[in-house]
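Visitor: Below is the file run_17.txt, with compact mmCIF, C-alpha atoms.
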```txt
# COMPACT_ATOMS: atom_id res chain seq x y z
CA MET D 297 -5.48 26.94 39.85
CA ILE D 298 -2.56 26.50 37.47
CA GLU D 299 -2.84 30.17 36.55
CA SER D 300 -2.57 31.22 40.17
CA VAL D 301 0.54 29.11 40.60
CA PHE D 302 2.33 30.17 37.43
CA GLY D 303 0.65 33.47 36.67
CA ASP D 304 -0.02 35.08 33.30
CA ALA D 305 3.56 34.52 32.19
CA PHE D 306 2.96 30.78 32.22
CA TRP D 307 -0.01 30.99 29.84
CA MET D 308 1.86 33.46 27.67
CA ILE D 309 4.64 30.88 27.24
CA ILE D 310 2.08 28.15 26.55
CA LYS D 311 0.38 30.40 24.00
CA PHE D 312 3.60 31.01 22.07
CA GLY D 313 4.43 27.34 22.36
CA VAL D 314 1.08 26.42 20.82
CA TRP D 315 1.54 28.93 17.99
CA ALA D 316 5.05 27.63 17.28
CA THR D 317 3.87 24.02 17.33
CA LEU D 318 0.99 24.75 14.97
CA PHE D 319 3.28 26.69 12.65
CA LEU D 320 5.62 23.69 12.51
CA TYR D 321 2.57 21.54 11.91
CA ILE D 322 1.69 23.59 8.82
CA ILE D 323 5.20 22.91 7.49
CA PHE D 324 4.69 19.22 8.23
CA ALA D 325 1.35 19.27 6.36
CA GLY D 326 3.15 20.88 3.40
CA ILE D 327 5.75 18.09 3.48
CA VAL D 328 2.93 15.53 3.48
CA ILE D 329 1.58 17.10 0.27
CA LYS D 330 5.05 16.83 -1.29
CA GLN D 331 5.39 13.27 -0.04
CA VAL D 332 2.04 12.29 -1.54
CA SER D 333 3.10 13.88 -4.81
CA ILE D 334 6.31 11.80 -4.84
CA MET D 335 4.39 8.67 -3.90
CA THR D 336 1.85 9.12 -6.67
CA GLN D 337 4.62 9.77 -9.17
CA THR D 338 6.51 6.65 -8.08
CA VAL D 339 3.52 4.30 -8.15
CA LYS D 340 0.28 5.09 -9.92
CA MET D 341 -2.70 3.04 -8.85
CA GLY D 342 -5.66 5.05 -10.11
CA PHE D 343 -6.26 6.56 -6.69
CA GLU D 344 -4.04 9.60 -6.94
CA THR D 345 -6.70 12.31 -7.01
CA PHE D 346 -8.35 11.18 -3.79
CA VAL D 347 -5.07 10.86 -1.87
CA LYS D 348 -3.88 14.27 -3.08
CA LEU D 349 -7.22 15.77 -2.08
CA VAL D 350 -6.96 14.29 1.43
CA ALA D 351 -3.43 15.69 1.81
CA LEU D 352 -4.65 19.10 0.65
CA ILE D 353 -7.59 19.05 3.07
CA HIS D 354 -5.15 18.15 5.86
CA PHE D 355 -2.97 21.14 4.91
CA ILE D 356 -5.97 23.50 4.88
CA ALA D 357 -7.10 22.11 8.24
CA ALA D 358 -3.62 22.77 9.68
CA ILE D 359 -3.81 26.40 8.52
CA ALA D 360 -7.35 26.72 9.89
CA VAL D 361 -6.31 25.41 13.31
CA PHE D 362 -3.36 27.82 13.35
CA ILE D 363 -5.67 30.77 12.58
CA ILE D 364 -8.15 29.64 15.24
CA ALA D 365 -5.31 29.43 17.76
CA LEU D 366 -4.11 32.92 16.80
CA THR D 367 -7.54 34.45 17.24
CA SER D 368 -8.76 32.57 20.29
CA LEU D 369 -5.66 32.56 22.50
CA MET Y 165 -13.07 -11.32 8.90
CA PRO Y 166 -15.01 -10.04 5.91
CA ASP Y 167 -12.02 -9.75 3.67
CA ILE Y 168 -12.93 -6.91 1.35
CA PHE Y 169 -9.31 -6.19 0.59
CA VAL Y 170 -8.11 -9.62 -0.31
CA ASN Y 171 -9.49 -11.34 -3.34
CA ALA Y 172 -11.68 -14.18 -2.32
CA ASP Y 173 -11.26 -16.45 -5.32
CA THR Y 174 -8.28 -18.68 -5.16
CA PRO Y 175 -6.89 -20.14 -8.35
CA GLU Y 176 -7.90 -23.55 -7.09
CA ASP Y 177 -11.49 -22.46 -6.52
CA VAL Y 178 -11.86 -20.89 -9.89
CA GLY Y 179 -9.91 -23.45 -11.76
CA HIS Y 180 -11.71 -26.50 -10.46
CA ASP Y 181 -15.20 -25.35 -9.71
CA ASP Y 182 -16.30 -22.20 -11.44
CA VAL Y 183 -14.58 -22.42 -14.75
CA ALA Y 184 -14.02 -26.11 -15.10
CA GLU Y 185 -17.19 -26.75 -17.04
CA ASP Y 186 -17.04 -23.62 -19.14
CA THR Y 187 -14.97 -22.65 -22.06
CA ILE Y 188 -13.72 -19.18 -22.85
CA GLU Y 189 -14.33 -17.93 -26.31
CA THR Y 190 -11.79 -15.59 -27.80
CA GLY Y 191 -12.57 -14.68 -31.37
CA SER Y 192 -12.95 -17.84 -33.36
CA GLN Y 193 -10.90 -19.95 -30.99
CA GLU Y 194 -12.19 -21.86 -28.03
CA ILE Y 195 -9.83 -22.09 -25.13
CA ALA Y 196 -10.15 -24.80 -22.55
CA PRO Y 197 -9.75 -23.52 -19.01
CA ASN Y 198 -6.76 -24.61 -17.00
CA THR Y 199 -5.93 -24.89 -13.35
CA SER Y 200 -2.56 -23.15 -13.22
CA MET Y 201 -1.87 -19.63 -11.93
CA GLN Y 202 -2.00 -18.23 -15.41
CA PRO Y 203 -4.88 -19.13 -17.70
CA GLU Y 204 -4.17 -20.67 -21.02
CA ILE Y 205 -4.16 -18.32 -23.95
CA PRO Y 206 -3.67 -18.94 -27.61
CA THR Y 207 0.06 -19.16 -27.94
CA GLN Y 208 2.41 -19.54 -30.79
CA SER Y 209 5.91 -20.77 -30.53
CA THR Y 210 7.16 -17.41 -31.75
CA MET Y 211 5.19 -15.45 -29.18
CA THR Y 212 7.36 -13.68 -26.64
CA ASN Y 213 6.51 -13.78 -22.97
CA ALA Y 214 5.66 -10.10 -23.13
CA GLN Y 215 3.10 -10.82 -25.84
CA LYS Y 216 1.70 -13.69 -23.80
CA HIS Y 217 1.33 -11.49 -20.74
CA ALA Y 218 -0.16 -8.69 -22.82
CA ALA Y 219 -2.76 -11.15 -24.13
CA MET Y 220 -3.53 -12.30 -20.61
CA ARG Y 221 -3.78 -8.69 -19.47
CA ASP Y 222 -6.39 -8.12 -22.18
CA ASN Y 223 -8.28 -11.15 -20.89
CA LYS Y 224 -7.81 -10.13 -17.26
CA GLU Y 225 -11.48 -10.16 -16.27
CA ASN Y 226 -11.40 -13.97 -16.26
CA LEU Y 227 -8.24 -14.23 -14.20
CA PRO Y 228 -8.37 -15.49 -10.63
CA GLY Y 229 -7.13 -12.80 -8.28
CA HIS Y 230 -8.01 -9.94 -10.61
CA THR Y 231 -10.05 -7.22 -8.93
CA HIS Y 232 -11.22 -3.64 -9.39
CA ASN Y 233 -10.62 -2.81 -5.74
CA SER Y 234 -7.80 -0.28 -5.40
CA PHE Y 235 -7.35 -1.31 -1.76
CA ALA Y 236 -6.75 -4.96 -2.59
CA SER Y 237 -3.66 -6.39 -0.98
CA TYR Y 238 -3.29 -8.96 -3.75
CA TYR Y 239 -3.94 -7.63 -7.21
CA TYR Y 240 -3.35 -9.97 -10.16
CA TYR Y 241 -2.98 -8.21 -13.53
CA PRO Y 242 -3.90 -4.82 -12.08
CA GLU Y 243 -5.62 -2.38 -14.43
CA LYS Y 244 -4.30 1.03 -13.57
CA VAL Y 245 -0.96 0.28 -11.96
CA ASP Y 246 2.00 2.10 -13.38
CA PHE Y 247 5.36 3.16 -11.99
CA ASP Y 248 7.95 5.72 -12.98
CA THR Y 249 10.62 3.31 -14.28
CA LYS Y 250 8.25 1.08 -16.23
CA ASP Y 251 9.22 0.24 -19.80
CA PRO Y 252 6.49 0.74 -22.40
CA GLU Y 253 6.45 -2.99 -23.25
CA GLU Y 254 6.59 -4.15 -19.66
CA VAL Y 255 3.44 -5.82 -18.32
CA VAL Y 256 2.54 -5.53 -14.65
CA ILE Y 257 1.52 -8.99 -13.52
CA LEU Y 258 1.05 -8.59 -9.82
CA LEU Y 259 0.80 -5.90 -7.18
CA VAL Y 260 0.90 -6.87 -3.53
CA ARG Y 261 0.98 -4.90 -0.32
CA ARG Y 262 0.84 -5.76 3.35
CA HIS Y 263 -2.22 -7.71 4.46
CA PRO Y 264 -5.01 -5.43 5.80
CA ILE Y 265 -4.89 -7.19 9.16
CA THR Y 266 -1.48 -5.55 9.74
CA ASN Y 267 -3.34 -2.24 10.01
CA VAL Y 268 -5.24 -3.31 13.12
CA PRO Y 269 -2.65 -2.04 15.68
CA TRP Y 270 -2.66 1.51 14.35
CA LEU Y 271 -6.44 1.47 13.87
CA LEU Y 272 -6.80 0.54 17.55
CA MET Y 273 -4.37 3.31 18.45
CA THR Y 274 -6.47 5.74 16.38
CA PHE Y 275 -9.57 4.69 18.30
CA VAL Y 276 -7.77 5.38 21.59
CA LEU Y 277 -6.58 8.77 20.31
CA ILE Y 278 -10.13 9.70 19.24
CA ILE Y 279 -11.74 8.87 22.56
CA ALA Y 280 -8.88 10.09 24.78
CA PRO Y 281 -10.02 13.77 25.02
CA ALA Y 282 -13.35 12.61 26.44
CA PHE Y 283 -11.53 10.92 29.31
CA LEU Y 284 -8.99 13.70 29.80
CA SER Y 285 -11.73 16.29 30.09
CA VAL Y 286 -13.09 14.68 33.28
CA LEU Y 287 -9.75 15.04 35.06
CA PRO Y 288 -9.71 17.86 37.65
CA MET Y 289 -6.48 19.18 36.12
CA PHE Y 290 -8.22 19.77 32.77
CA GLU Y 291 -10.92 21.94 34.34
CA GLN Y 292 -8.27 24.36 35.60
CA ILE Y 293 -7.11 25.07 32.06
CA PRO Y 294 -8.79 28.16 30.54
CA HIS Y 295 -11.61 27.34 28.11
CA ASN Y 296 -9.94 28.89 25.07
CA PHE Y 297 -6.83 26.77 25.72
CA GLN Y 298 -9.00 23.67 26.20
CA PHE Y 299 -10.60 24.28 22.82
CA VAL Y 300 -7.28 24.80 21.02
CA PHE Y 301 -5.65 21.81 22.73
CA THR Y 302 -8.55 19.60 21.61
CA LEU Y 303 -8.23 20.88 18.05
CA MET Y 304 -4.48 20.24 18.11
CA TRP Y 305 -5.05 16.74 19.44
CA TYR Y 306 -7.44 15.82 16.62
CA THR Y 307 -5.23 17.42 13.98
CA ILE Y 308 -2.28 15.35 15.13
CA THR Y 309 -4.54 12.27 15.18
CA ALA Y 310 -5.50 13.02 11.58
CA ALA Y 311 -1.81 13.26 10.65
CA PHE Y 312 -1.13 9.94 12.36
CA VAL Y 313 -3.94 8.25 10.40
CA LEU Y 314 -2.84 9.83 7.13
CA GLU Y 315 0.78 8.74 7.58
CA LYS Y 316 -0.15 5.18 8.51
CA PHE Y 317 -2.56 4.88 5.61
CA LEU Y 318 -0.04 6.27 3.11
CA ALA Y 319 2.64 3.90 4.43
CA TRP Y 320 0.30 0.95 3.91
CA PHE Y 321 -1.12 2.03 0.57
CA PHE Y 322 2.10 3.05 -1.18
CA ASN Y 323 4.55 0.49 0.22
CA VAL Y 324 3.94 -2.03 -2.52
CA ASN Y 325 5.68 -4.87 -4.29
CA ILE Y 326 5.23 -5.16 -8.02
CA VAL Y 327 5.96 -8.13 -10.23
CA THR Y 328 6.21 -7.52 -13.96
CA ASP Y 329 7.07 -9.92 -16.76
CA GLU Y 330 10.68 -8.68 -16.57
CA ARG Y 331 11.44 -7.83 -12.94
CA ILE Y 332 10.33 -7.42 -9.37
CA ILE Y 333 10.08 -4.01 -7.72
CA ASP Y 334 9.99 -3.30 -4.01
CA VAL Y 335 8.78 0.22 -3.17
CA ASP Y 336 9.43 1.32 0.42
CA PHE Y 337 8.55 4.73 1.80
CA VAL Y 338 10.37 4.48 5.09
CA ASN Y 339 9.39 7.93 6.36
CA LEU Y 340 8.47 11.38 5.12
CA VAL Y 341 11.77 12.06 3.42
CA TYR Y 342 13.21 8.64 2.68
CA ARG Y 343 12.12 6.23 -0.01
CA GLU Y 344 13.76 3.09 -1.30
CA VAL Y 345 12.88 1.51 -4.63
CA THR Y 346 14.62 -1.80 -5.30
CA ASP Y 347 14.24 -3.74 -8.50
CA ALA Y 348 15.73 -6.98 -9.75
CA ASP Y 349 15.37 -8.83 -13.02
CA ILE Y 350 13.34 -12.03 -12.95
CA GLU Y 351 16.25 -13.92 -14.47
CA GLN Y 352 18.47 -12.83 -11.58
CA ILE Y 353 16.27 -14.55 -9.02
CA GLN Y 354 18.06 -17.50 -7.51
CA ASP Y 355 15.97 -18.43 -4.56
CA VAL Y 356 12.48 -17.65 -3.31
CA THR Y 357 11.61 -18.37 0.32
CA VAL Y 358 8.15 -18.16 1.82
CA GLU Y 359 8.02 -17.42 5.55
CA MET Y 360 4.74 -17.77 7.37
CA SER Y 361 5.10 -18.02 11.11
CA GLY Y 362 2.66 -17.50 13.92
CA ALA Y 363 -1.01 -18.17 14.46
CA ILE Y 364 -2.28 -14.84 13.11
CA ARG Y 365 -0.32 -15.16 9.88
CA THR Y 366 -1.47 -18.74 9.38
CA LEU Y 367 -5.06 -17.82 10.15
CA PHE Y 368 -5.17 -14.90 7.73
CA ASN Y 369 -2.85 -16.48 5.17
CA TYR Y 370 -0.15 -13.87 4.93
CA GLY Y 371 3.60 -13.91 5.29
CA ASP Y 372 6.93 -12.82 3.91
CA VAL Y 373 8.46 -13.73 0.58
CA LEU Y 374 12.24 -13.44 0.54
CA ILE Y 375 13.83 -13.25 -2.88
CA GLN Y 376 17.53 -13.88 -3.25
CA THR Y 377 19.00 -12.50 -6.43
CA ALA Y 378 22.30 -13.27 -8.07
CA SER Y 379 23.56 -9.74 -8.35
CA GLN Y 380 23.42 -8.69 -4.75
CA GLU Y 381 23.77 -10.19 -1.31
CA GLN Y 382 20.82 -8.28 0.01
CA LYS Y 383 17.50 -10.05 -0.32
CA THR Y 384 14.37 -8.40 -1.60
CA LYS Y 385 11.60 -8.90 0.89
CA PHE Y 386 7.89 -8.81 0.19
CA GLU Y 387 6.75 -8.22 3.73
CA ALA Y 388 3.51 -9.52 5.29
CA ILE Y 389 1.81 -9.99 1.93
CA SER Y 390 -1.37 -11.89 1.24
CA HIS Y 391 -1.12 -15.32 -0.38
CA PRO Y 392 2.69 -15.66 -0.24
CA ASP Y 393 2.46 -19.16 -1.74
CA ARG Y 394 0.68 -17.84 -4.81
CA VAL Y 395 3.29 -15.11 -5.20
CA ALA Y 396 6.11 -17.65 -4.96
CA LYS Y 397 4.38 -19.78 -7.59
CA ILE Y 398 3.97 -16.85 -9.95
CA LEU Y 399 7.65 -15.98 -9.51
CA ARG Y 400 8.62 -19.58 -10.25
CA GLU Y 401 6.51 -19.61 -13.42
CA LEU Y 402 8.06 -16.35 -14.53
CA ARG Y 403 11.55 -17.70 -13.92
CA VAL Y 404 10.75 -20.75 -16.05
CA GLU Y 405 9.37 -18.51 -18.78
CA GLU Y 406 12.48 -16.37 -18.71
CA GLN Y 407 14.70 -19.45 -18.94
CA GLU Y 408 12.69 -20.77 -21.88
CA GLU Y 409 12.82 -17.40 -23.59
CA ARG Y 410 16.57 -17.21 -23.08
CA ALA Y 411 17.04 -20.77 -24.35
CA GLU Y 412 15.02 -20.00 -27.47
CA GLY Y 413 16.85 -16.74 -28.06
CA ARG Y 414 13.73 -14.58 -27.67
CA VAL Y 415 15.15 -12.34 -24.98
CA ARG Y 416 13.92 -8.78 -25.28
```
For the file at hand, write its structure as structure tokens.

Guide:
Amino acid sequence: MIESVFGDAFWMIIKFGVWATLFLYIIFAGIVIKQVSIMTQTVKMGFETFVKLVALIHFIAAIAVFIIALTSL
Amino acid sequence: MPDIFVNADTPEDVGHDDVAEDTIETGSQEIAPNTSMQPEIPTQSTMTNAQKHAAMRDNKENLPGHTHNSFASYYYYPEKVDFDTKDPEEVVILLVRRHPITNVPWLLMTFVLIIAPAFLSVLPMFEQIPHNFQFVFTLMWYTITAAFVLEKFLAWFFNVNIVTDERIIDVDFVNLVYREVTDADIEQIQDVTVEMSGAIRTLFNYGDVLIQTASQEQKTKFEAISHPDRVAKILRELRVEEQEERAEGRVR
């Protein structure tokens, strides 16, 4: 088993790595919201609400995955 | 391909077949249909091009290439299109974006990303990973896949080229933090080149339109757009209109 080779320290490092990655992902999702906002300000095509909603759902999903990772790892 | 994104009616189709035997009534005047890119409207010699385009915009339902589909890659006299530097009197004549077929590579990649965990899970290596890590890794995988899809869709949807009665605008969102908006006046256009190379582009009728302007060495490029010939024709008609307007001293 991988655990037997690397021990608990290995999974501890992986765990922190996952948390760090998901935290960075939340920042990325926030940037996507900002990007969508800039895009919809630059060009309006009558589809702004839906695109903003999708970006918001993506941001909420990123937070949800981070919380799941915090609680389950 | 069932082309739900590209408008099916070509000006030729509409002009010769569908509308040829009809007449369009506007108020008390009867207007004979025409076969050019822009339908005939009641014009007066004193009418500016902006007024002409505004009248055509009001009559947009009868225009070939006009659609209510927000995902259209070729959108003639679009209804709801607006942009941050638009003048109040400016009329948006055309909005084009990359042909939908250009999305196929990333859609295939998305399919691979979606089914990949199912194949990875049968590997002996995956079984040695603790179950809670397996669950979180799978979640992370699909979240990143969602981000990939979102980014690709946004890049396709918002990278547009707009033609108004006064200028052309090229909106490029290169990445998350870099955007480039280029505009050039219609009267500055010196040369319009249509490039359509390769079997796929010929089959699906899309290509590049390169626009050389007088003021700058750099060309504006409408990349992989639907109906490049139609776009070039519209640009030519607008250039002629601008020249006429300038000659008659009706420049806005």

Visitor: Pull out every residue of chain D that has at least one atom within 10 Å of chain Y, counting only C-alpha atoms, and report them as JSON, numbers by chain.

Guide: {"D": [297, 298, 299, 307, 310, 311, 314, 317, 318, 321, 324, 325, 327, 328, 330, 331, 332, 334, 335, 336, 337, 338, 339, 340, 341, 342, 343, 347, 350, 351, 354, 355, 357, 358, 361, 362, 364, 365, 366, 367, 368, 369]}

Visitor: Can I get the selection written as a PDB file, keeping the file's coordinate frame, with C-alpha atoms?

Guide:
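To be explicit, this is the file written out as part.pdb:
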```
ATOM      1  CA  MET D 297      -5.480  26.940  39.850  1.00  0.00           C
ATOM      2  CA  ILE D 298      -2.560  26.500  37.470  1.00  0.00           C
ATOM      3  CA  GLU D 299      -2.840  30.170  36.550  1.00  0.00           C
ATOM      4  CA  TRP D 307      -0.010  30.990  29.840  1.00  0.00           C
ATOM      5  CA  ILE D 310       2.080  28.150  26.550  1.00  0.00           C
ATOM      6  CA  LYS D 311       0.380  30.400  24.000  1.00  0.00           C
ATOM      7  CA  VAL D 314       1.080  26.420  20.820  1.00  0.00           C
ATOM      8  CA  THR D 317       3.870  24.020  17.330  1.00  0.00           C
ATOM      9  CA  LEU D 318       0.990  24.750  14.970  1.00  0.00           C
ATOM     10  CA  TYR D 321       2.570  21.540  11.910  1.00  0.00           C
ATOM     11  CA  PHE D 324       4.690  19.220   8.230  1.00  0.00           C
ATOM     12  CA  ALA D 325       1.350  19.270   6.360  1.00  0.00           C
ATOM     13  CA  ILE D 327       5.750  18.090   3.480  1.00  0.00           C
ATOM     14  CA  VAL D 328       2.930  15.530   3.480  1.00  0.00           C
ATOM     15  CA  LYS D 330       5.050  16.830  -1.290  1.00  0.00           C
ATOM     16  CA  GLN D 331       5.390  13.270  -0.040  1.00  0.00           C
ATOM     17  CA  VAL D 332       2.040  12.290  -1.540  1.00  0.00           C
ATOM     18  CA  ILE D 334       6.310  11.800  -4.840  1.00  0.00           C
ATOM     19  CA  MET D 335       4.390   8.670  -3.900  1.00  0.00           C
ATOM     20  CA  THR D 336       1.850   9.120  -6.670  1.00  0.00           C
ATOM     21  CA  GLN D 337       4.620   9.770  -9.170  1.00  0.00           C
ATOM     22  CA  THR D 338       6.510   6.650  -8.080  1.00  0.00           C
ATOM     23  CA  VAL D 339       3.520   4.300  -8.150  1.00  0.00           C
ATOM     24  CA  LYS D 340       0.280   5.090  -9.920  1.00  0.00           C
ATOM     25  CA  MET D 341      -2.700   3.040  -8.850  1.00  0.00           C
ATOM     26  CA  GLY D 342      -5.660   5.050 -10.110  1.00  0.00           C
ATOM     27  CA  PHE D 343      -6.260   6.560  -6.690  1.00  0.00           C
ATOM     28  CA  VAL D 347      -5.070  10.860  -1.870  1.00  0.00           C
ATOM     29  CA  VAL D 350      -6.960  14.290   1.430  1.00  0.00           C
ATOM     30  CA  ALA D 351      -3.430  15.690   1.810  1.00  0.00           C
ATOM     31  CA  HIS D 354      -5.150  18.150   5.860  1.00  0.00           C
ATOM     32  CA  PHE D 355      -2.970  21.140   4.910  1.00  0.00           C
ATOM     33  CA  ALA D 357      -7.100  22.110   8.240  1.00  0.00           C
ATOM     34  CA  ALA D 358      -3.620  22.770   9.680  1.00  0.00           C
ATOM     35  CA  VAL D 361      -6.310  25.410  13.310  1.00  0.00           C
ATOM     36  CA  PHE D 362      -3.360  27.820  13.350  1.00  0.00           C
ATOM     37  CA  ILE D 364      -8.150  29.640  15.240  1.00  0.00           C
ATOM     38  CA  ALA D 365      -5.310  29.430  17.760  1.00  0.00           C
ATOM     39  CA  LEU D 366      -4.110  32.920  16.800  1.00  0.00           C
ATOM     40  CA  THR D 367      -7.540  34.450  17.240  1.00  0.00           C
ATOM     41  CA  SER D 368      -8.760  32.570  20.290  1.00  0.00           C
ATOM     42  CA  LEU D 369      -5.660  32.560  22.500  1.00  0.00           C
TER      43      LEU D 369
END
```

Visitor: Record the distance separating CA of Gly326 (chain D) and CA of Phe312 (chain Y), expressed in Å with one decimal.

Guide: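 So the two atoms, CA of Gly326 (chain D) and CA of Phe312 (chain Y), lie 14.8 Å apart.
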
Visitor: Considering all atoms listed in the file, can you say which of Y:Arg400, Y:Met273, Y:Glu254, Y:Ala388 comes closest to Ile364 (chain Y)?

Guide: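 Among the listed residues, the smallest separation from Ile364 (chain Y) belongs to Y:Ala388.
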
Visitor: So what do you get for CA of Pro392 (chain Y) versus CA of Asp334 (chain Y), distance-wise?

Guide: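 CA of Asp334 (chain Y) lies 14.8 Å from CA of Pro392 (chain Y).
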
Visitor: What does the structure give for the distance between CA of Arg261 (chain Y) and CA of Ile332 (chain Y), in Å to one decimal?

Guide: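 Between these atoms lies a distance of 13.3 Å.
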
Visitor: Nearest to Leu277 (chain Y): which of Y:Gly413, Y:Arg331, Y:Asp347, Y:Tyr306 is it, counting all atoms listed in the file?

Guide: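 Residue with the minimum atom-to-atom distance to Leu277 (chain Y): Y:Tyr306.
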
Visitor: Please list as a PDB file with C-alpha atoms, in the coordinates of the input every residue within 8 Å of Ile375 (chain Y), counting all atoms listed in the file and excluding residues in the same chain fewer than 2 positions away.

Guide:
```pdb
ATOM      1  CA  ILE Y 353      16.270 -14.550  -9.020  1.00  0.00           C
ATOM      2  CA  GLN Y 354      18.060 -17.500  -7.510  1.00  0.00           C
ATOM      3  CA  ASP Y 355      15.970 -18.430  -4.560  1.00  0.00           C
ATOM      4  CA  VAL Y 356      12.480 -17.650  -3.310  1.00  0.00           C
ATOM      5  CA  THR Y 357      11.610 -18.370   0.320  1.00  0.00           C
ATOM      6  CA  VAL Y 373       8.460 -13.730   0.580  1.00  0.00           C
ATOM      7  CA  THR Y 377      19.000 -12.500  -6.430  1.00  0.00           C
ATOM      8  CA  LYS Y 383      17.500 -10.050  -0.320  1.00  0.00           C
ATOM      9  CA  THR Y 384      14.370  -8.400  -1.600  1.00  0.00           C
ATOM     10  CA  LYS Y 385      11.600  -8.900   0.890  1.00  0.00           C
TER      11      LYS Y 385
END
```

Visitor: What does region 232-250 of chain Y look like written to a file with N, CA and C atoms, as a PDB file, in the first residue's frame?

Guide:
```pdb
ATOM      1  N   HIS Y 232     -33.173  35.540 -33.011  1.00  0.00           N
ATOM      2  CA  HIS Y 232     -33.363  35.807 -31.577  1.00  0.00           C
ATOM      3  C   HIS Y 232     -32.472  34.905 -30.732  1.00  0.00           C
ATOM      4  N   ASN Y 233     -31.636  34.130 -31.375  1.00  0.00           N
ATOM      5  CA  ASN Y 233     -30.779  33.180 -30.677  1.00  0.00           C
ATOM      6  C   ASN Y 233     -29.515  33.887 -30.168  1.00  0.00           C
ATOM      7  N   SER Y 234     -29.376  33.947 -28.848  1.00  0.00           N
ATOM      8  CA  SER Y 234     -28.207  34.622 -28.263  1.00  0.00           C
ATOM      9  C   SER Y 234     -26.902  33.897 -28.567  1.00  0.00           C
ATOM     10  N   PHE Y 235     -26.989  32.612 -28.934  1.00  0.00           N
ATOM     11  CA  PHE Y 235     -25.791  31.838 -29.216  1.00  0.00           C
ATOM     12  C   PHE Y 235     -25.418  31.851 -30.702  1.00  0.00           C
ATOM     13  N   ALA Y 236     -26.136  32.640 -31.479  1.00  0.00           N
ATOM     14  CA  ALA Y 236     -25.847  32.686 -32.912  1.00  0.00           C
ATOM     15  C   ALA Y 236     -24.421  33.185 -33.142  1.00  0.00           C
ATOM     16  N   SER Y 237     -23.778  32.597 -34.132  1.00  0.00           N
ATOM     17  CA  SER Y 237     -22.423  33.051 -34.436  1.00  0.00           C
ATOM     18  C   SER Y 237     -22.437  34.157 -35.491  1.00  0.00           C
ATOM     19  N   TYR Y 238     -23.579  34.338 -36.118  1.00  0.00           N
ATOM     20  CA  TYR Y 238     -23.744  35.421 -37.091  1.00  0.00           C
ATOM     21  C   TYR Y 238     -25.085  36.075 -36.794  1.00  0.00           C
ATOM     22  N   TYR Y 239     -25.040  37.325 -36.400  1.00  0.00           N
ATOM     23  CA  TYR Y 239     -26.221  37.960 -35.825  1.00  0.00           C
ATOM     24  C   TYR Y 239     -26.389  39.336 -36.491  1.00  0.00           C
ATOM     25  N   TYR Y 240     -27.275  39.391 -37.479  1.00  0.00           N
ATOM     26  CA  TYR Y 240     -27.464  40.612 -38.262  1.00  0.00           C
ATOM     27  C   TYR Y 240     -28.514  41.491 -37.577  1.00  0.00           C
ATOM     28  N   TYR Y 241     -28.199  42.730 -37.378  1.00  0.00           N
ATOM     29  CA  TYR Y 241     -29.036  43.668 -36.613  1.00  0.00           C
ATOM     30  C   TYR Y 241     -29.498  43.042 -35.293  1.00  0.00           C
ATOM     31  N   PRO Y 242     -28.543  42.757 -34.408  1.00  0.00           N
ATOM     32  CA  PRO Y 242     -28.900  42.115 -33.143  1.00  0.00           C
ATOM     33  C   PRO Y 242     -29.762  43.031 -32.276  1.00  0.00           C
ATOM     34  N   GLU Y 243     -30.631  42.413 -31.482  1.00  0.00           N
ATOM     35  CA  GLU Y 243     -31.598  43.184 -30.696  1.00  0.00           C
ATOM     36  C   GLU Y 243     -30.996  43.799 -29.439  1.00  0.00           C
ATOM     37  N   LYS Y 244     -30.326  42.948 -28.679  1.00  0.00           N
ATOM     38  CA  LYS Y 244     -29.951  43.381 -27.326  1.00  0.00           C
ATOM     39  C   LYS Y 244     -28.471  43.701 -27.186  1.00  0.00           C
ATOM     40  N   VAL Y 245     -27.758  43.735 -28.274  1.00  0.00           N
ATOM     41  CA  VAL Y 245     -26.305  43.918 -28.175  1.00  0.00           C
ATOM     42  C   VAL Y 245     -25.955  45.378 -27.891  1.00  0.00           C
ATOM     43  N   ASP Y 246     -25.112  45.527 -26.911  1.00  0.00           N
ATOM     44  CA  ASP Y 246     -24.640  46.850 -26.531  1.00  0.00           C
ATOM     45  C   ASP Y 246     -23.198  46.687 -26.044  1.00  0.00           C
ATOM     46  N   PHE Y 247     -22.433  47.747 -26.097  1.00  0.00           N
ATOM     47  CA  PHE Y 247     -21.067  47.669 -25.578  1.00  0.00           C
ATOM     48  C   PHE Y 247     -20.715  48.988 -24.918  1.00  0.00           C
ATOM     49  N   ASP Y 248     -19.685  48.942 -24.072  1.00  0.00           N
ATOM     50  CA  ASP Y 248     -19.448  50.064 -23.159  1.00  0.00           C
ATOM     51  C   ASP Y 248     -19.067  51.366 -23.853  1.00  0.00           C
ATOM     52  N   THR Y 249     -18.464  51.297 -25.045  1.00  0.00           N
ATOM     53  CA  THR Y 249     -18.039  52.539 -25.714  1.00  0.00           C
ATOM     54  C   THR Y 249     -19.008  52.969 -26.816  1.00  0.00           C
ATOM     55  N   LYS Y 250     -20.189  52.408 -26.807  1.00  0.00           N
ATOM     56  CA  LYS Y 250     -21.146  52.697 -27.892  1.00  0.00           C
ATOM     57  C   LYS Y 250     -21.720  54.109 -27.732  1.00  0.00           C
TER      58      LYS Y 250
END
```
